[in-house]
Every structure is written in structure tokens, then in C-alpha cells.
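Inspection log for the structure reproduced underneath, given as C-alpha cells.
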Amino acid sequence: MSAESKGIELQIDPDPRLAAAAGGAARFLGEAAGLSNEELAELQKSIVAACQEAFEHLTGDHPHLNVTLTGYPDRIEVAVSHKGEASPAVGLDQIAGFADQLGSTRALGGVDRVQFETRDGVAVTRLTKYIARGSSWRGAS
């Protein structure tokens, strides 16, 4: 694959079916990157869980969640963002303890890195899944 990224942007309402759609989009990028079925299932589950947790932070003034999924040659990044309350899409306890719990079966076991930041009143939680060097993108451009 070339160095360019492949991306999907979604703006979703707080509905579990739409969280599942974001998980399906992550699965699509993971399939294109050559992830195993087990890795795909875990990645999908992690994205759905992050979206469902982020729904709790949406307000009447800012009722939508933005999910940006980007496939790079070495990783898949999923940014879950919302305006309003400056809270991460996943609990800070999960972010803080993430390194100690890699490989566990908890909800975020399908990603390798979790980051949180706020920018201009927007809370952004970034979930990253790294791709093994031997994998290659099979998706169409």
C-alpha cells in the first residue's frame, strides 16, 4: 500500500445500532489490513464499547458523536470525539491502567493504544491498533 491513508468519517446519534456500524467500519479497515478473525472481532468490540461509553457524555446542545476511522500502512486509528463535556470516550481508569492490562479480555482488548485530549471544546479519544509488519493492505483505493 502507498503511504496515503484510507478513511471513514461518521457522525452518529446515541444509538447502539450506530455504535455497531462504527465497529463494522473498523472491522472493514482491519480486514483490508489483513488482521486475523480474532483480531477483527476484538477491534470491532473495542470500537463499539468506546462509542457506547461516549454516548453517556453527549448533551442536548451537542447530541452527536463523531467517529473518524483511518487506516495507515502501520496502524488503524479511530478517533471518537464530541463537543461539550471534556470526558474521554472510555473511563480514565481504563486509560490509566491500559498498559498493565494488555492482552486481557476487557472491552478494549482489541486496541494497542488509547489516548485522550481536548481541543477547542472537543473531547477526542484516539484508539490505535498497530498492524504487523508482514501485513499488507488489500483494500481498494
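Every chain in the C-alpha cells has a letter given in the order shown (A, B, ...), and although residue numbers restart at 1 in each chain, ligands are simply numbered from 1 in the order shown.
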Exercise for review: Apply DSSP to the structure's backbone, then extract all residues of range 20-80 of chain A labelled helix (DSSP H, G or I) and return them as a count of residues only.
Suggested key: 33
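With CA of Leu35 in chain A on one side and CA of Ile131 in chain A on the other, the separation reads 7.6 Å.
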Review point. Which residues, written as a VMD selection string, have at least one atom at most 6 Å from range 51-66 of chain A, with only C-alpha atoms counted and residues fewer than 4 positions away on the same chain left out?
Key: chain A and resid 10 to 14 19 80 to 83 89 to 90
For C-alpha atoms, I'd like the residues from the last selection saved as a PDB file, in the first residue's frame.
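And here is the file that came out, out-v3.pdb:
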ATOM      1  CA  LEU A  10     -19.233   9.071  10.700  1.00  0.00           C
ATOM      2  CA  GLN A  11     -21.465  11.371  12.714  1.00  0.00           C
ATOM      3  CA  ILE A  12     -23.777   9.249  14.814  1.00  0.00           C
ATOM      4  CA  ASP A  13     -26.604   9.695  17.293  1.00  0.00           C
ATOM      5  CA  PRO A  14     -26.503   7.826  20.624  1.00  0.00           C
ATOM      6  CA  ALA A  19     -22.137   2.175  17.532  1.00  0.00           C
ATOM      7  CA  VAL A  80     -14.101   9.234  18.872  1.00  0.00           C
ATOM      8  CA  SER A  81     -14.943  12.880  19.519  1.00  0.00           C
ATOM      9  CA  HIS A  82     -17.731  15.014  20.899  1.00  0.00           C
ATOM     10  CA  LYS A  83     -18.310  18.633  21.895  1.00  0.00           C
ATOM     11  CA  ALA A  89     -14.927   8.082  25.418  1.00  0.00           C
ATOM     12  CA  VAL A  90     -13.578   5.444  27.798  1.00  0.00           C
TER      13      VAL A  90
END
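Distance check against Ala32 in chain A using only C-alpha atoms: of A:Gly7, A:Leu18, A:Ala49, A:Val124, the minimum falls on A:Gly7.
For the residues A:Gly110, A:Gly121, A:Gly34, A:Pro16, ranking by smallest atom-to-atom distance to Gly71 in chain A using only C-alpha atoms places A:Gly34 first.
Within 7 Å of Gln115 in chain A, once only C-alpha atoms are used and residues closer than 3 positions along the same chain are dropped, the contacting residues are Thr125, Arg126 and Leu127 of chain A.
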Check your understanding: Could you write out, as a PyMOL selection string, all the residues of range 8-94 of chain A that DSSP marks as strand (DSSP E)?
Key -> chain A and resi 8-12+65-71+75-83
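What separates CA of Val122 in chain A from CA of Ala25 in chain A is a distance of 22.4 Å.
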